[in-house]
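See below for coords_10.cif, which holds mmCIF, C-alpha atoms and all ligand atoms.
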```
data_data
#
loop_
_atom_site.group_PDB
_atom_site.id
_atom_site.type_symbol
_atom_site.label_atom_id
_atom_site.label_comp_id
_atom_site.auth_asym_id
_atom_site.auth_seq_id
_atom_site.Cartn_x
_atom_site.Cartn_y
_atom_site.Cartn_z
ATOM 1 C CA MET K 464 11.101 12.295 -24.499
ATOM 2 C CA MET K 465 9.588 9.254 -22.798
ATOM 3 C CA VAL K 466 9.766 9.342 -19.023
ATOM 4 C CA LYS K 467 9.471 6.082 -17.144
ATOM 5 C CA VAL K 468 6.942 5.682 -14.344
ATOM 6 C CA GLU K 469 9.776 4.919 -11.937
ATOM 7 C CA GLU K 470 11.380 8.240 -12.751
ATOM 8 C CA LYS K 471 8.128 10.076 -12.188
ATOM 9 C CA LEU K 472 7.571 8.309 -8.888
ATOM 10 C CA PHE K 473 11.040 9.280 -7.794
ATOM 11 C CA GLN K 474 10.010 12.919 -8.074
ATOM 12 C CA ASN K 475 7.411 12.478 -5.359
ATOM 13 C CA ARG K 476 8.323 12.967 -1.751
ATOM 14 C CA TYR K 477 6.977 11.004 1.112
ATOM 15 C CA ARG K 478 6.655 11.825 4.768
ATOM 16 C CA VAL K 479 6.307 8.701 6.858
ATOM 17 C CA ASP K 480 3.978 8.744 9.830
ATOM 18 C CA ALA K 481 5.792 6.191 11.933
ATOM 19 C CA GLU K 482 3.335 6.362 14.811
ATOM 20 C CA ARG K 483 0.246 5.627 12.789
ATOM 21 C CA PRO K 484 0.418 3.698 9.521
ATOM 22 C CA HIS K 485 -2.628 4.666 7.475
ATOM 23 C CA ILE K 486 -3.068 1.204 5.981
ATOM 24 C CA ARG K 487 -3.163 -1.956 8.011
ATOM 25 C CA ILE K 488 -3.711 -5.617 7.292
ATOM 26 C CA VAL K 489 -6.484 -6.545 9.689
ATOM 27 C CA LYS K 490 -5.811 -10.281 9.981
ATOM 28 C CA PRO K 491 -2.451 -11.482 8.655
ATOM 29 C CA ASP K 492 -3.675 -15.091 8.910
ATOM 30 C CA VAL K 493 -6.328 -14.401 6.283
ATOM 31 C CA CYS K 494 -3.608 -13.303 3.847
ATOM 32 C CA GLU K 495 -1.544 -16.347 4.581
ATOM 33 C CA TYR K 496 -4.158 -19.092 4.710
ATOM 34 C CA GLU K 497 -7.408 -17.919 3.109
ATOM 35 C CA CYS K 498 -6.598 -15.465 0.347
ATOM 36 C CA LYS K 499 -6.100 -17.459 -2.821
ATOM 37 C CA THR K 500 -4.615 -14.858 -5.120
ATOM 38 C CA GLN K 501 -2.854 -12.360 -2.816
ATOM 39 C CA GLN K 502 -3.408 -9.790 -5.517
ATOM 40 C CA CYS K 503 -2.237 -6.877 -3.415
ATOM 41 C CA THR K 504 1.310 -8.170 -3.866
ATOM 42 C CA VAL K 505 1.138 -7.579 -7.612
ATOM 43 C CA CYS K 506 -1.361 -4.713 -7.907
ATOM 44 C CA CYS K 507 0.127 -2.102 -5.604
ATOM 45 C CA PRO K 508 1.905 0.389 -7.887
ATOM 46 C CA ALA K 509 4.322 1.284 -5.106
ATOM 47 C CA GLY K 510 5.163 -2.316 -4.222
ATOM 48 C CA CYS K 511 4.091 -1.899 -0.596
ATOM 49 C CA TYR K 512 2.904 -5.512 -0.271
ATOM 50 C CA THR K 513 5.442 -8.293 -0.416
ATOM 51 C CA LEU K 514 4.776 -11.998 -0.567
ATOM 52 C CA GLU K 515 7.430 -13.730 1.450
ATOM 53 C CA GLY K 516 8.738 -17.216 0.828
ATOM 54 C CA ASN K 517 6.806 -18.571 3.805
ATOM 55 C CA GLY K 518 3.478 -17.374 2.376
ATOM 56 C CA LYS K 519 3.117 -14.365 4.660
ATOM 57 C CA VAL K 520 2.200 -11.005 3.176
ATOM 58 C CA VAL K 521 4.130 -8.051 4.553
ATOM 59 C CA LEU K 522 2.883 -4.499 4.191
ATOM 60 C CA ILE K 523 5.231 -1.535 4.420
ATOM 61 C CA THR K 524 3.397 1.682 3.660
ATOM 62 C CA ASP K 525 6.441 3.858 2.960
ATOM 63 C CA GLY K 526 6.002 5.231 -0.540
ATOM 64 C CA CYS K 527 2.262 4.524 -0.686
ATOM 65 C CA LEU K 528 0.584 6.611 -3.373
ATOM 66 C CA GLU K 529 -2.804 6.564 -1.614
ATOM 67 C CA CYS K 530 -4.458 5.202 -4.720
ATOM 68 C CA GLY K 531 -6.795 2.879 -2.804
ATOM 69 C CA THR K 532 -6.178 -0.091 -5.106
ATOM 70 C CA CYS K 533 -5.312 -2.476 -2.277
ATOM 71 C CA ARG K 534 -8.580 -1.774 -0.501
ATOM 72 C CA ILE K 535 -10.586 -2.457 -3.642
ATOM 73 C CA ILE K 536 -8.608 -5.526 -4.619
ATOM 74 C CA CYS K 537 -9.156 -7.011 -1.167
ATOM 75 C CA ASP K 538 -12.912 -6.608 -1.369
ATOM 76 C CA ASP K 539 -13.553 -10.361 -1.035
ATOM 77 C CA TYR K 540 -11.803 -10.489 2.317
ATOM 78 C CA ARG K 541 -12.102 -6.892 3.510
ATOM 79 C CA ASN K 542 -8.764 -7.373 5.173
ATOM 80 C CA VAL K 543 -7.280 -3.962 4.448
ATOM 81 C CA ASP K 544 -8.016 -1.175 6.881
ATOM 82 C CA TRP K 545 -7.385 1.990 4.884
ATOM 83 C CA GLU K 546 -7.634 5.676 5.627
ATOM 84 C CA TYR K 547 -5.909 8.805 4.444
ATOM 85 C CA PRO K 548 -2.778 9.778 6.381
ATOM 86 C CA ARG K 549 -2.949 12.470 8.993
ATOM 87 C CA GLY K 550 -2.484 16.008 7.734
ATOM 88 C CA GLY K 551 1.110 16.769 6.847
ATOM 89 C CA TYR K 552 2.042 13.139 6.312
ATOM 90 C CA GLY K 553 2.014 10.849 3.338
ATOM 91 C CA ILE K 554 2.635 11.494 -0.299
ATOM 92 C CA LEU K 555 3.548 14.930 -1.563
ATOM 93 C CA PHE K 556 2.904 14.768 -5.282
ATOM 94 C CA LYS K 557 5.086 16.737 -7.605
ATOM 95 C CA PHE K 558 3.198 17.636 -10.733
ATOM 96 C CA GLY K 559 4.944 18.137 -14.011
HETATM 97 S S1 LIG K 601 -5.662 -9.258 -1.080
HETATM 98 FE FE1 LIG K 601 -6.256 -8.832 1.056
HETATM 99 S S2 LIG K 601 -6.446 -10.826 2.049
HETATM 100 FE FE2 LIG K 601 -5.329 -11.123 0.118
HETATM 101 S S3 LIG K 601 -3.161 -11.012 0.700
HETATM 102 FE FE3 LIG K 601 -3.776 -8.940 0.090
HETATM 103 S S4 LIG K 601 -4.433 -7.926 1.999
HETATM 104 FE FE4 LIG K 601 -4.361 -10.135 2.387
HETATM 105 S S1 LIG K 602 -3.133 2.670 -1.497
HETATM 106 FE FE1 LIG K 602 -2.205 2.127 -3.505
HETATM 107 S S2 LIG K 602 -0.017 2.604 -3.298
HETATM 108 FE FE2 LIG K 602 -0.886 2.536 -1.227
HETATM 109 S S3 LIG K 602 -0.511 0.466 -0.485
HETATM 110 FE FE3 LIG K 602 -2.577 0.494 -1.407
HETATM 111 S S4 LIG K 602 -2.283 -0.108 -3.565
HETATM 112 FE FE4 LIG K 602 -0.277 0.463 -2.725
#
```
Give the structure from the file, written as structure tokens.
Amino acid sequence: MMVKVEEKLFQNRYRVDAERPHIRIVKPDVCEYECKTQQCTVCCPAGCYTLEGNGKVVLITDGCLECGTCRIICDDYRNVDWEYPRGGYGILFKFG
């Protein structure tokens, strides 16, 4: 039986560290005015980056899979400050 990615993702559990997001956009202005492609808004598998109608990019790290794609994709601007969540927080993968 084929299982959709969305269904697999739903099996994961996530513990949000509200006090200390583990990923941060360093300079929001760079996203809005300098970044030409805003690729993070299409490449994040968890949809954490949203391009708003006014051109701003909003990052909400709930559900982040800690894949590191956004950090790599932003290499031209180095505008993503990324680290693993504190122990006990973040994604709890369910295998199988
Ligand atoms: S790729 Fe980097 S600079 Fe561009 S919108 Fe995303 S976080 Fe901002
Ligand atoms: S680490 Fe991966 S899942 Fe998390 S915000 Fe970046 S691209 Fe999205």
Grab me every residue within 12 Å of ligand LIG 601 (chain K), counting all atoms listed in the file, and send it over as an mmCIF file with C-alpha atoms, in the frame of the given file.
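To be explicit, this is the file written out as selection13.cif:
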```cif
data_model
loop_
_atom_site.group_PDB
_atom_site.id
_atom_site.type_symbol
_atom_site.label_atom_id
_atom_site.label_comp_id
_atom_site.auth_asym_id
_atom_site.auth_seq_id
_atom_site.Cartn_x
_atom_site.Cartn_y
_atom_site.Cartn_z
ATOM 1 C CA ILE K 486 -3.068 1.204 5.981
ATOM 2 C CA ARG K 487 -3.163 -1.956 8.011
ATOM 3 C CA ILE K 488 -3.711 -5.617 7.292
ATOM 4 C CA VAL K 489 -6.484 -6.545 9.689
ATOM 5 C CA LYS K 490 -5.811 -10.281 9.981
ATOM 6 C CA PRO K 491 -2.451 -11.482 8.655
ATOM 7 C CA ASP K 492 -3.675 -15.091 8.910
ATOM 8 C CA VAL K 493 -6.328 -14.401 6.283
ATOM 9 C CA CYS K 494 -3.608 -13.303 3.847
ATOM 10 C CA GLU K 495 -1.544 -16.347 4.581
ATOM 11 C CA TYR K 496 -4.158 -19.092 4.710
ATOM 12 C CA GLU K 497 -7.408 -17.919 3.109
ATOM 13 C CA CYS K 498 -6.598 -15.465 0.347
ATOM 14 C CA LYS K 499 -6.100 -17.459 -2.821
ATOM 15 C CA THR K 500 -4.615 -14.858 -5.120
ATOM 16 C CA GLN K 501 -2.854 -12.360 -2.816
ATOM 17 C CA GLN K 502 -3.408 -9.790 -5.517
ATOM 18 C CA CYS K 503 -2.237 -6.877 -3.415
ATOM 19 C CA THR K 504 1.310 -8.170 -3.866
ATOM 20 C CA VAL K 505 1.138 -7.579 -7.612
ATOM 21 C CA CYS K 506 -1.361 -4.713 -7.907
ATOM 22 C CA CYS K 507 0.127 -2.102 -5.604
ATOM 23 C CA GLY K 510 5.163 -2.316 -4.222
ATOM 24 C CA CYS K 511 4.091 -1.899 -0.596
ATOM 25 C CA TYR K 512 2.904 -5.512 -0.271
ATOM 26 C CA THR K 513 5.442 -8.293 -0.416
ATOM 27 C CA LEU K 514 4.776 -11.998 -0.567
ATOM 28 C CA GLU K 515 7.430 -13.730 1.450
ATOM 29 C CA GLY K 518 3.478 -17.374 2.376
ATOM 30 C CA LYS K 519 3.117 -14.365 4.660
ATOM 31 C CA VAL K 520 2.200 -11.005 3.176
ATOM 32 C CA VAL K 521 4.130 -8.051 4.553
ATOM 33 C CA LEU K 522 2.883 -4.499 4.191
ATOM 34 C CA ILE K 523 5.231 -1.535 4.420
ATOM 35 C CA THR K 532 -6.178 -0.091 -5.106
ATOM 36 C CA CYS K 533 -5.312 -2.476 -2.277
ATOM 37 C CA ARG K 534 -8.580 -1.774 -0.501
ATOM 38 C CA ILE K 535 -10.586 -2.457 -3.642
ATOM 39 C CA ILE K 536 -8.608 -5.526 -4.619
ATOM 40 C CA CYS K 537 -9.156 -7.011 -1.167
ATOM 41 C CA ASP K 538 -12.912 -6.608 -1.369
ATOM 42 C CA ASP K 539 -13.553 -10.361 -1.035
ATOM 43 C CA TYR K 540 -11.803 -10.489 2.317
ATOM 44 C CA ARG K 541 -12.102 -6.892 3.510
ATOM 45 C CA ASN K 542 -8.764 -7.373 5.173
ATOM 46 C CA VAL K 543 -7.280 -3.962 4.448
ATOM 47 C CA ASP K 544 -8.016 -1.175 6.881
ATOM 48 C CA TRP K 545 -7.385 1.990 4.884
#
```
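When only C-alpha atoms and all ligand atoms are used to compute distances to ligand LIG 602 (chain K), the closest of the residues K:Pro548, K:Pro484, K:Pro508, K:Gly553 turns out to be K:Pro508.
With only C-alpha atoms and all ligand atoms as the basis for measurement, K:Cys530 is the residue among K:Glu470, K:Cys530, K:Asn517, K:Asp525 that approaches ligand LIG 602 (chain K) most closely.
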Go ahead and fit an axis-aligned box to every listed atom of segment 497-512 of chain K plus 8 Å each side, and pass me the centre and edge lengths in Å, one decimal, as JSON.
```
{"center_x": -1.1, "center_y": -8.3, "center_z": -2.4, "size_x": 28.6, "size_y": 35.2, "size_z": 27.0}
```
The PyMOL selection byres (((chain K and resi 477) around 9) and not hetatm) applied to the shown file, residues as a ChimeraX atom specification: /K:475-476,478-479,525-528,552-556
Between atom CA of Asp480 of chain K and atom FE1 of ligand LIG 602 (chain K), distance in Å (one decimal): 16.1 Å
Separation of atom FE3 of ligand LIG 602 (chain K) from atom CA of Thr524 of chain K, in Å and rounded to one decimal: 7.9 Å
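If you look at atom FE3 of ligand LIG 602 (chain K) and atom CA of Val466 of chain K, they are 23.3 Å away from each other.
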